file protein_14.cif (mmCIF, C-alpha atoms)
data_query
loop_
_atom_site.label_atom_id
_atom_site.label_comp_id
_atom_site.auth_asym_id
_atom_site.auth_seq_id
_atom_site.Cartn_x
_atom_site.Cartn_y
_atom_site.Cartn_z
CA GLN A 1 0.00 0.00 0.00
CA ALA A 2 2.82 2.40 0.89
CA ALA A 3 4.54 1.74 -2.45
CA LEU A 4 1.32 2.30 -4.39
CA LYS A 5 0.54 5.51 -2.52
CA ALA A 6 4.08 6.78 -3.09
CA ARG A 7 3.94 5.83 -6.76
CA LEU A 8 0.70 7.77 -7.18
CA GLY A 9 2.09 10.75 -5.28
CA ARG A 10 -0.17 10.27 -2.28
CA GLY A 11 1.62 10.01 1.04
CA ARG A 12 5.16 9.97 2.30
CA PRO A 13 8.07 8.58 0.26
CA PHE A 14 8.40 4.80 0.32
CA GLN A 15 11.28 3.74 2.55
CA MET A 16 13.10 0.41 2.72
CA VAL A 17 15.80 -0.99 4.96
CA ASN A 18 17.66 -3.92 3.41
CA VAL A 19 20.23 -5.64 5.63
CA GLY A 20 22.46 -7.94 3.61
CA ALA A 21 21.64 -6.09 0.40
CA CYS A 22 24.34 -7.84 -1.67
CA ASP A 23 24.22 -6.01 -5.02
CA GLY A 24 20.53 -5.13 -4.78
CA ALA A 25 19.71 -7.10 -7.92
CA LEU A 26 20.84 -10.74 -8.00
CA PHE A 27 18.46 -13.12 -6.25
CA ASP A 28 16.50 -10.13 -4.90
CA ASP A 29 12.80 -9.94 -5.72
CA VAL A 30 12.11 -6.79 -3.69
CA THR A 31 14.91 -4.20 -3.88
CA PRO A 32 14.72 -3.72 -7.68
CA TRP A 33 11.21 -2.29 -7.16
CA LEU A 34 12.85 0.79 -5.63
CA ASN A 35 13.67 2.03 -9.10
CA ARG A 36 9.98 1.86 -10.05
CA ILE A 37 8.72 3.88 -7.08
CA PRO A 38 9.31 7.62 -7.58
CA GLY A 39 11.11 9.16 -4.63
CA ALA A 40 11.66 5.83 -2.88
CA ARG A 41 14.47 5.81 -0.35
CA ALA A 42 16.51 2.97 1.07
CA VAL A 43 19.19 2.20 3.56
CA LEU A 44 21.12 -0.68 1.99
CA VAL A 45 23.34 -2.41 4.53
CA GLU A 46 26.18 -4.43 2.98
CA PRO A 47 29.51 -5.22 4.70
CA ILE A 48 31.34 -6.86 1.77
CA PRO A 49 33.38 -4.32 -0.28
CA TYR A 50 32.92 -6.21 -3.57
CA ASN A 51 29.14 -6.13 -3.18
CA GLN A 52 29.17 -2.48 -2.07
CA LYS A 53 30.66 -1.51 -5.44
CA ARG A 54 28.07 -3.54 -7.34
CA LEU A 55 25.30 -2.12 -5.14
CA ARG A 56 26.34 1.48 -5.83
CA ALA A 57 26.47 0.75 -9.57
CA ASN A 58 22.90 -0.58 -9.38
CA TYR A 59 21.67 2.29 -7.16
CA PRO A 60 23.75 5.36 -8.14
CA ASP A 61 21.45 8.01 -6.63
CA THR A 62 23.27 8.80 -3.38
CA ASP A 63 20.48 11.11 -2.19
CA ARG A 64 17.90 8.32 -2.25
CA PHE A 65 19.98 5.20 -1.68
CA VAL A 66 22.36 5.17 1.27
CA ILE A 67 24.82 2.31 1.45
CA GLU A 68 25.88 1.44 4.98
CA PRO A 69 29.20 -0.46 4.68
CA VAL A 70 28.80 -2.38 7.93
CA ALA A 71 27.54 -5.66 9.33
CA VAL A 72 24.69 -5.45 11.81
CA THR A 73 26.07 -6.67 15.11
CA ARG A 74 24.91 -6.64 18.72
CA ALA A 75 27.61 -4.09 19.61
CA LYS A 76 29.71 -1.61 17.67
CA GLY A 77 33.09 -2.96 16.57
CA SER A 78 34.73 -4.97 13.82
CA ILE A 79 34.03 -8.63 13.11
CA ARG A 80 35.49 -11.37 10.91
CA VAL A 81 33.35 -12.48 7.96
CA LYS A 82 33.94 -15.43 5.66
CA THR A 83 33.46 -14.59 2.01
CA PHE A 84 34.65 -15.63 -1.42
CA ASP A 85 37.49 -14.08 -3.37
CA ALA A 86 36.20 -11.13 -5.42
CA ALA A 87 38.51 -11.81 -8.37
CA ALA A 88 37.27 -15.42 -8.63
CA LEU A 89 33.67 -14.20 -8.50
CA GLU A 90 34.27 -11.60 -11.20
CA ALA A 91 36.11 -14.10 -13.41
CA GLY A 92 33.25 -16.58 -13.22
CA THR A 93 35.43 -19.20 -11.51
CA LEU A 94 32.75 -19.57 -8.85
CA PRO A 95 28.99 -20.05 -9.29
CA ILE A 96 27.09 -16.74 -9.55
CA GLU A 97 25.12 -17.48 -6.37
CA PHE A 98 28.36 -17.27 -4.35
CA ILE A 99 28.33 -13.48 -4.84
CA GLY A 100 25.79 -13.28 -2.03
CA CYS A 101 27.42 -15.90 0.20
CA SER A 102 29.26 -14.21 3.03
CA SER A 103 28.72 -15.20 6.62
CA ILE A 104 29.95 -15.02 10.16
CA THR A 105 29.30 -18.77 10.40
CA ASP A 106 31.02 -21.62 8.56
CA THR A 107 27.83 -23.60 8.14
CA ASN A 108 26.14 -21.09 5.84
CA LEU A 109 28.82 -20.66 3.22
CA MET A 110 28.95 -22.59 0.03
CA SER A 111 25.26 -23.25 0.47
CA GLY A 112 24.74 -22.81 -3.24
CA LYS A 113 23.93 -25.61 -5.64
CA ASN A 114 25.75 -28.88 -4.90
CA ALA A 115 28.07 -27.42 -2.31
CA TRP A 116 28.95 -27.60 1.35
CA GLY A 117 30.94 -29.82 3.61
CA GLU A 118 34.13 -31.74 3.08
CA ALA A 119 32.14 -34.78 1.90
CA ASP A 120 30.65 -32.77 -0.96
CA ALA A 121 32.26 -33.40 -4.34
CA ASN A 122 32.65 -29.66 -4.96
CA TYR A 123 34.14 -28.75 -1.59
CA ASN A 124 37.80 -28.88 -2.66
CA LYS A 125 36.95 -26.97 -5.83
CA PHE A 126 35.47 -23.98 -3.96
CA ALA A 127 37.17 -23.99 -0.52
CA PRO A 128 40.44 -22.42 -1.77
CA TYR A 129 38.49 -19.27 -2.66
CA LEU A 130 37.14 -18.74 0.86
CA LYS A 131 38.74 -15.97 2.85
CA ASP A 132 38.25 -14.15 6.12
CA ILE A 133 37.94 -10.39 6.04
CA GLU A 134 37.45 -7.87 8.80
CA VAL A 135 34.46 -5.55 8.46
CA PRO A 136 33.02 -2.83 10.69
CA GLY A 137 29.94 -3.69 12.69
CA ASP A 138 27.22 -1.55 14.21
CA THR A 139 23.83 -2.05 15.82
CA LEU A 140 20.67 -1.78 13.78
CA GLN A 141 19.39 1.10 15.90
CA ASP A 142 22.61 3.08 15.38
CA ILE A 143 22.27 2.60 11.62
CA LEU A 144 18.62 3.68 11.66
CA ASP A 145 19.37 6.70 13.86
CA ARG A 146 22.36 7.75 11.73
CA ASN A 147 20.11 7.76 8.67
CA ARG A 148 17.20 9.49 10.42
CA ILE A 149 14.82 6.60 9.75
CA ASP A 150 11.42 7.34 11.30
CA HIS A 151 9.37 4.78 9.40
CA ILE A 152 10.03 1.57 7.49
CA ASP A 153 7.70 0.42 4.74
CA ALA A 154 9.74 -2.67 3.85
CA PHE A 155 12.33 -4.39 6.04
CA LEU A 156 14.49 -7.08 4.42
CA VAL A 157 17.08 -9.29 6.09
CA ASP A 158 19.31 -11.78 4.26
CA CYS A 159 22.43 -12.38 6.32
CA GLU A 160 23.31 -16.01 5.60
CA GLY A 161 22.54 -17.45 9.01
CA ALA A 162 22.94 -14.29 11.11
CA ASP A 163 19.42 -13.08 10.32
CA TRP A 164 18.16 -13.34 13.90
CA ILE A 165 20.96 -11.07 15.15
CA VAL A 166 19.45 -8.37 12.93
CA PHE A 167 15.76 -9.11 13.31
CA GLU A 168 15.82 -9.23 17.11
CA GLN A 169 17.08 -5.63 17.09
CA LEU A 170 14.15 -4.24 15.08
CA ASP A 171 11.73 -2.24 17.22
CA ILE A 172 8.56 -3.37 15.44
CA ARG A 173 6.27 -1.18 17.53
CA ARG A 174 8.30 1.93 16.76
CA TYR A 175 8.81 1.40 13.02
CA ARG A 176 5.71 -0.68 12.19
CA PRO A 177 7.04 -2.01 8.87
CA GLY A 178 4.38 -2.75 6.28
CA MET A 179 6.40 -5.71 4.98
CA ILE A 180 9.04 -7.87 6.63
CA LYS A 181 11.07 -10.39 4.68
CA VAL A 182 13.62 -12.52 6.53
CA GLU A 183 15.45 -15.25 4.65
#
call {"tool": "encode", "arguments": {"input": "protein_14.cif", "output": "structure tokens"}}
result
Amino acid sequence: QAALKARLGRGRPFQMVNVGACDGALFDDVTPWLNRIPGARAVLVEPIPYNQKRLRANYPDTDRFVIEPVAVTRAKGSIRVKTFDAAALEAGTLPIEFIGCSSITDTNLMSGKNAWGEADANYNKFAPYLKDIEVPGDTLQDILDRNRIDHIDAFLVDCEGADWIVFEQLDIRRYRPGMIKVE
């Protein structure tokens, strides 16, 4: 309803918060709608530098689309994240779905087609491309406050196994999101 009202010029601008935004296009059935809703705004949270670049290319309007280059954590500070080598992703050495596979947990990586675990036939093929990187972390409320978010029409979370860490921080009564999507 909020998107329709915004599209018709009736009501406040549509506003989305997407935590784990990846590149805002691949395997995302919601975020691409932002480009179809005039004046829509979004806070796109993505800790992986490779995906931040792709995200900015897909959403170049810096006034409407803020990219928060952090992981949502329970306390401010840096954390280690497992991800895949950006050069291997760009070269097509790895399956396309691995672009969105970064996690603070071992058990949620390589969860793409035919992959995960040392017993899997593809494990040795993909494991050499895994790497640990350090990324900044911040609480969801700090991110929302920093971006002056007073309402949320759509709240998306796709954090490869860390989804609850994000979702438990959302003050549903305060923000009353019209749509919540948690992977």
call {"tool": "closest_residue", "arguments": {"input": "protein_14.cif", "among": "A:Asp29, A:Asp163, A:Asp158, A:Glu46", "to": "Glu68 of chain A", "atoms": "only C-alpha atoms"}}
result
A:Glu46
call {"tool": "atom_distance", "arguments": {"input": "protein_14.cif", "atom1": "atom CA of Thr139 of chain A", "atom2": "atom CA of Asp61 of chain A"}}
result
24.7 Å
call {"tool": "resolve_selection", "arguments": {"input": "protein_14.cif", "expression": "the PyMOL selection byres ((chain A and resi 27) around 12)", "output": "list in words"}}
result
Gly20, Ala21, Cys22, Asp23, Gly24, Ala25, Leu26, Asp28, Asp29, Val30, Thr31, Pro32, Ile96, Glu97, Phe98, Ile99, Gly100, Cys101, Gly112, Asp158 and Glu183 of chain A
call {"tool": "write_last_selection", "arguments": {"input": "protein_14.cif", "atoms": "C-alpha atoms", "output": "mmCIF file, in the frame of the given file"}}
result
data_model
loop_
_atom_site.group_PDB
_atom_site.id
_atom_site.type_symbol
_atom_site.label_atom_id
_atom_site.label_comp_id
_atom_site.auth_asym_id
_atom_site.auth_seq_id
_atom_site.Cartn_x
_atom_site.Cartn_y
_atom_site.Cartn_z
ATOM 1 C CA GLY A 20 22.460 -7.940 3.610
ATOM 2 C CA ALA A 21 21.640 -6.090 0.400
ATOM 3 C CA CYS A 22 24.340 -7.840 -1.670
ATOM 4 C CA ASP A 23 24.220 -6.010 -5.020
ATOM 5 C CA GLY A 24 20.530 -5.130 -4.780
ATOM 6 C CA ALA A 25 19.710 -7.100 -7.920
ATOM 7 C CA LEU A 26 20.840 -10.740 -8.000
ATOM 8 C CA ASP A 28 16.500 -10.130 -4.900
ATOM 9 C CA ASP A 29 12.800 -9.940 -5.720
ATOM 10 C CA VAL A 30 12.110 -6.790 -3.690
ATOM 11 C CA THR A 31 14.910 -4.200 -3.880
ATOM 12 C CA PRO A 32 14.720 -3.720 -7.680
ATOM 13 C CA ILE A 96 27.090 -16.740 -9.550
ATOM 14 C CA GLU A 97 25.120 -17.480 -6.370
ATOM 15 C CA PHE A 98 28.360 -17.270 -4.350
ATOM 16 C CA ILE A 99 28.330 -13.480 -4.840
ATOM 17 C CA GLY A 100 25.790 -13.280 -2.030
ATOM 18 C CA CYS A 101 27.420 -15.900 0.200
ATOM 19 C CA GLY A 112 24.740 -22.810 -3.240
ATOM 20 C CA ASP A 158 19.310 -11.780 4.260
ATOM 21 C CA GLU A 183 15.450 -15.250 4.650
#
call {"tool": "resolve_selection", "arguments": {"input": "protein_14.cif", "expression": "the PyMOL selection byres ((chain A and resi 172) around 12)", "output": "list of chain:residue names"}}
result
A:Gln141, A:Asp150, A:His151, A:Ile152, A:Asp153, A:Ala154, A:Phe155, A:Phe167, A:Glu168, A:Gln169, A:Leu170, A:Asp171, A:Arg173, A:Arg174, A:Tyr175, A:Arg176, A:Pro177, A:Gly178, A:Met179, A:Ile180
call {"tool": "residues_around", "arguments": {"input": "protein_14.cif", "residues": "Arg148 of chain A", "least_positions_apart": "4", "cutoff": "12 Å", "atoms": "only C-alpha atoms", "output": "mmCIF file with C-alpha atoms, in the coordinates of the input"}}
result
data_model
loop_
_atom_site.group_PDB
_atom_site.id
_atom_site.type_symbol
_atom_site.label_atom_id
_atom_site.label_comp_id
_atom_site.auth_asym_id
_atom_site.auth_seq_id
_atom_site.Cartn_x
_atom_site.Cartn_y
_atom_site.Cartn_z
ATOM 1 C CA GLN A 15 11.280 3.740 2.550
ATOM 2 C CA VAL A 17 15.800 -0.990 4.960
ATOM 3 C CA ARG A 41 14.470 5.810 -0.350
ATOM 4 C CA ALA A 42 16.510 2.970 1.070
ATOM 5 C CA VAL A 43 19.190 2.200 3.560
ATOM 6 C CA VAL A 66 22.360 5.170 1.270
ATOM 7 C CA GLN A 141 19.390 1.100 15.900
ATOM 8 C CA ASP A 142 22.610 3.080 15.380
ATOM 9 C CA ILE A 143 22.270 2.600 11.620
ATOM 10 C CA LEU A 144 18.620 3.680 11.660
ATOM 11 C CA ILE A 152 10.030 1.570 7.490
ATOM 12 C CA TYR A 175 8.810 1.400 13.020
#
call {"tool": "resolve_selection", "arguments": {"input": "protein_14.cif", "expression": "the PyMOL selection byres ((chain A and resi 162) around 10)", "output": "list in words"}}
result
Gly20, Ala71, Val72, Thr73, Ser103, Ile104, Thr105, Asn108, Val157, Asp158, Cys159, Glu160, Gly161, Asp163, Trp164, Ile165, Val166, Phe167 and Glu183 of chain A
call {"tool": "closest_residue", "arguments": {"input": "protein_14.cif", "among": "A:Val45, A:Leu130, A:Arg36, A:Ala2", "to": "Pro69 of chain A", "atoms": "all atoms listed in the file"}}
result
A:Val45
call {"tool": "atom_distance", "arguments": {"input": "protein_14.cif", "atom1": "atom CA of Ala121 of chain A", "atom2": "atom CA of Pro95 of chain A"}}
result
14.6 Å
call {"tool": "closest_residue", "arguments": {"input": "protein_14.cif", "among": "A:Ile133, A:Asn51, A:Thr62, A:Gly39", "to": "Val81 of chain A", "atoms": "all atoms listed in the file"}}
result
A:Ile133
call {"tool": "closest_residue", "arguments": {"input": "protein_14.cif", "among": "A:Arg64, A:Lys53, A:Arg7, A:Arg80", "to": "Pro136 of chain A", "atoms": "all atoms listed in the file"}}
result
A:Arg80
